[in-house]
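Enquirer: First the structure, then my questions, so here it is.
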Amino acid sequence: MEQPVQIPIIWEEDAGPVRLLSHFVVSVQDENELILMTGQAIPPILKGNEEEQRELLKNFKLPIKPVVNFSLTPKRVRQLIEVLTVALQRHDEIFGSQEAAPK
């Protein structure tokens, strides 16, 4: 039996723009697919005095601009969780935990 051919991967240097993601939604499609939707909140520019700002915000709905959506298998979700967990542990070792204290 022949061994499978191994194809090395190379990350391209120009990964495109880096965007701040502020919102995430996961939709379970079926037993083999989860959709991870990512977005960025766009806060309003508030003008006027405090009373005018409160009036403006009464019926305001914060728009979320979609950034990118991912279709992932459960196996890939587990890999993503592992990669993010390791990166966060490394971050916390260097900079300390940034989590807010419980209220």
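Following the order of the structure tokens, chains are lettered A, B, ..., residues in each are numbered from 1, and ligands are numbered from 1.
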I'd like the neighbourhood of Gly39 of chain A as number ranges by chain, where a residue qualifies if any of its atoms comes within 7 Å (using only C-alpha atoms), though same-chain residues fewer than 3 positions away should be ignored.
Expert: A: 21-24, 64-67
Enquirer: Please, could you write that set of residues out with C-alpha atoms as a PDB file, in the first residue's frame?
Expert:
```pdb
ATOM      1  CA  LEU A  21     -14.535  41.416  15.793  1.00  0.00           C
ATOM      2  CA  SER A  22     -17.023  42.315  18.489  1.00  0.00           C
ATOM      3  CA  HIS A  23     -19.885  39.890  17.922  1.00  0.00           C
ATOM      4  CA  PHE A  24     -20.168  36.177  17.173  1.00  0.00           C
ATOM      5  CA  ILE A  64     -23.521  44.782  13.304  1.00  0.00           C
ATOM      6  CA  LYS A  65     -21.532  44.761  10.078  1.00  0.00           C
ATOM      7  CA  PRO A  66     -20.811  41.182   8.961  1.00  0.00           C
ATOM      8  CA  VAL A  67     -17.085  40.604   8.537  1.00  0.00           C
TER       9      VAL A  67
END
```
Enquirer: Using only C-alpha atoms, which residues sit within 9 Å of Pro63 of chain A once same-chain residues fewer than 4 positions away are excluded, as a PDB file with C-alpha atoms, in the first residue's frame?
Expert:
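Once written, selection.pdb looks like this:
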```
ATOM      1  CA  GLN A  40     -18.283  44.334  14.036  1.00  0.00           C
ATOM      2  CA  ALA A  41     -20.500  46.735  16.009  1.00  0.00           C
ATOM      3  CA  ILE A  42     -20.775  50.235  14.619  1.00  0.00           C
ATOM      4  CA  PRO A  43     -21.602  52.592  17.501  1.00  0.00           C
TER       5      PRO A  43
END
```
Enquirer: I need the residues in segment 32-90 of chain A that are alpha helix (DSSP H) according to DSSP; give them as a ChimeraX atom specification.
Expert: /A:50-58,74-90
Enquirer: Got time to write the residues from that selection, N, CA and C atoms, as a PDB file, in the first residue's frame?
Expert:
```pdb
ATOM      1  N   GLU A  50     -26.989  65.662  26.909  1.00  0.00           N
ATOM      2  CA  GLU A  50     -27.297  64.327  27.418  1.00  0.00           C
ATOM      3  C   GLU A  50     -28.755  63.938  27.160  1.00  0.00           C
ATOM      4  N   GLU A  51     -29.666  64.867  27.326  1.00  0.00           N
ATOM      5  CA  GLU A  51     -31.092  64.573  27.088  1.00  0.00           C
ATOM      6  C   GLU A  51     -31.346  64.240  25.613  1.00  0.00           C
ATOM      7  N   GLU A  52     -30.739  64.978  24.704  1.00  0.00           N
ATOM      8  CA  GLU A  52     -30.890  64.707  23.265  1.00  0.00           C
ATOM      9  C   GLU A  52     -30.287  63.350  22.903  1.00  0.00           C
ATOM     10  N   GLN A  53     -29.162  63.025  23.525  1.00  0.00           N
ATOM     11  CA  GLN A  53     -28.524  61.732  23.266  1.00  0.00           C
ATOM     12  C   GLN A  53     -29.401  60.586  23.763  1.00  0.00           C
ATOM     13  N   ARG A  54     -30.005  60.751  24.951  1.00  0.00           N
ATOM     14  CA  ARG A  54     -30.896  59.712  25.477  1.00  0.00           C
ATOM     15  C   ARG A  54     -32.098  59.508  24.545  1.00  0.00           C
ATOM     16  N   GLU A  55     -32.634  60.583  24.036  1.00  0.00           N
ATOM     17  CA  GLU A  55     -33.778  60.497  23.123  1.00  0.00           C
ATOM     18  C   GLU A  55     -33.381  59.773  21.835  1.00  0.00           C
ATOM     19  N   LEU A  56     -32.204  60.086  21.323  1.00  0.00           N
ATOM     20  CA  LEU A  56     -31.708  59.439  20.117  1.00  0.00           C
ATOM     21  C   LEU A  56     -31.544  57.932  20.329  1.00  0.00           C
ATOM     22  N   LEU A  57     -31.078  57.543  21.511  1.00  0.00           N
ATOM     23  CA  LEU A  57     -30.791  56.133  21.785  1.00  0.00           C
ATOM     24  C   LEU A  57     -32.019  55.309  22.169  1.00  0.00           C
ATOM     25  N   LYS A  58     -33.161  55.976  22.437  1.00  0.00           N
ATOM     26  CA  LYS A  58     -34.364  55.244  22.845  1.00  0.00           C
ATOM     27  C   LYS A  58     -34.750  54.155  21.858  1.00  0.00           C
ATOM     28  N   PRO A  74     -17.577  19.808  13.067  1.00  0.00           N
ATOM     29  CA  PRO A  74     -17.316  19.723  14.499  1.00  0.00           C
ATOM     30  C   PRO A  74     -15.827  19.497  14.815  1.00  0.00           C
ATOM     31  N   LYS A  75     -15.140  18.696  14.001  1.00  0.00           N
ATOM     32  CA  LYS A  75     -13.707  18.463  14.207  1.00  0.00           C
ATOM     33  C   LYS A  75     -12.930  19.771  14.106  1.00  0.00           C
ATOM     34  N   ARG A  76     -13.240  20.607  13.119  1.00  0.00           N
ATOM     35  CA  ARG A  76     -12.544  21.890  12.953  1.00  0.00           C
ATOM     36  C   ARG A  76     -12.885  22.858  14.083  1.00  0.00           C
ATOM     37  N   VAL A  77     -14.117  22.814  14.586  1.00  0.00           N
ATOM     38  CA  VAL A  77     -14.479  23.663  15.724  1.00  0.00           C
ATOM     39  C   VAL A  77     -13.615  23.290  16.927  1.00  0.00           C
ATOM     40  N   ARG A  78     -13.442  21.991  17.162  1.00  0.00           N
ATOM     41  CA  ARG A  78     -12.592  21.555  18.271  1.00  0.00           C
ATOM     42  C   ARG A  78     -11.143  22.016  18.076  1.00  0.00           C
ATOM     43  N   GLN A  79     -10.644  21.953  16.840  1.00  0.00           N
ATOM     44  CA  GLN A  79      -9.287  22.424  16.562  1.00  0.00           C
ATOM     45  C   GLN A  79      -9.178  23.932  16.800  1.00  0.00           C
ATOM     46  N   LEU A  80     -10.185  24.681  16.385  1.00  0.00           N
ATOM     47  CA  LEU A  80     -10.186  26.127  16.588  1.00  0.00           C
ATOM     48  C   LEU A  80     -10.207  26.461  18.076  1.00  0.00           C
ATOM     49  N   ILE A  81     -11.028  25.748  18.831  1.00  0.00           N
ATOM     50  CA  ILE A  81     -11.072  25.963  20.285  1.00  0.00           C
ATOM     51  C   ILE A  81      -9.698  25.702  20.891  1.00  0.00           C
ATOM     52  N   GLU A  82      -9.040  24.625  20.474  1.00  0.00           N
ATOM     53  CA  GLU A  82      -7.713  24.291  21.005  1.00  0.00           C
ATOM     54  C   GLU A  82      -6.690  25.372  20.660  1.00  0.00           C
ATOM     55  N   VAL A  83      -6.681  25.824  19.409  1.00  0.00           N
ATOM     56  CA  VAL A  83      -5.729  26.860  18.979  1.00  0.00           C
ATOM     57  C   VAL A  83      -5.962  28.145  19.765  1.00  0.00           C
ATOM     58  N   LEU A  84      -7.215  28.548  19.920  1.00  0.00           N
ATOM     59  CA  LEU A  84      -7.524  29.778  20.648  1.00  0.00           C
ATOM     60  C   LEU A  84      -7.196  29.648  22.136  1.00  0.00           C
ATOM     61  N   THR A  85      -7.438  28.478  22.714  1.00  0.00           N
ATOM     62  CA  THR A  85      -7.131  28.246  24.124  1.00  0.00           C
ATOM     63  C   THR A  85      -5.626  28.367  24.375  1.00  0.00           C
ATOM     64  N   VAL A  86      -4.825  27.749  23.530  1.00  0.00           N
ATOM     65  CA  VAL A  86      -3.363  27.822  23.671  1.00  0.00           C
ATOM     66  C   VAL A  86      -2.889  29.263  23.508  1.00  0.00           C
ATOM     67  N   ALA A  87      -3.421  29.971  22.510  1.00  0.00           N
ATOM     68  CA  ALA A  87      -3.017  31.362  22.285  1.00  0.00           C
ATOM     69  C   ALA A  87      -3.400  32.244  23.468  1.00  0.00           C
ATOM     70  N   LEU A  88      -4.586  32.031  24.027  1.00  0.00           N
ATOM     71  CA  LEU A  88      -5.023  32.824  25.174  1.00  0.00           C
ATOM     72  C   LEU A  88      -4.185  32.523  26.407  1.00  0.00           C
ATOM     73  N   GLN A  89      -3.830  31.261  26.616  1.00  0.00           N
ATOM     74  CA  GLN A  89      -2.950  30.912  27.740  1.00  0.00           C
ATOM     75  C   GLN A  89      -1.602  31.596  27.588  1.00  0.00           C
ATOM     76  N   ARG A  90      -1.062  31.586  26.387  1.00  0.00           N
ATOM     77  CA  ARG A  90       0.220  32.244  26.130  1.00  0.00           C
ATOM     78  C   ARG A  90       0.108  33.745  26.396  1.00  0.00           C
TER      79      ARG A  90
END
```
Enquirer: If we count only C-alpha atoms and set the cut-off at 10 Å, which residues sit around Asp30 of chain A, ignoring sequence neighbours fewer than 4 positions away in its own chain? Please answer as a list in words.
Expert: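 In the requested form, the answer reads Leu34, Ile35 and Thr73 of chain A.
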Enquirer: Would you write out those residues with C-alpha atoms, as a CSV table (one decimal), in the first residue's frame?
Expert:
```csv
chain,number,residue,atom,x,y,z
A,34,LEU,CA,-21.7,24.7,12.2
A,35,ILE,CA,-21.7,28.2,10.8
A,73,THR,CA,-17.1,20.7,10.8
```
Enquirer: Apply DSSP to the structure's backbone, then extract all residues of chain A labelled strand (DSSP E or B) and return them as a ChimeraX atom specification.
Expert: /A:23-30,33-41,64-72
Enquirer: A:Leu62, A:Leu72, A:Gly16, A:Phe95: which is nearest Leu36 of chain A, counting only C-alpha atoms?
Expert: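 Nearest to Leu36 of chain A: A:Leu72.
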Enquirer: For atom CA of Ser71 of chain A and atom CA of Thr38 of chain A, determine how far apart the two atoms are, in Å to one decimal place.
Expert: 11.6 Å
Enquirer: Which distance in Å separates atom CA of Gly96 of chain A and atom CA of Arg19 of chain A, to one decimal?
Expert: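 Going from atom CA of Gly96 of chain A over to atom CA of Arg19 of chain A, I get 23.3 Å.
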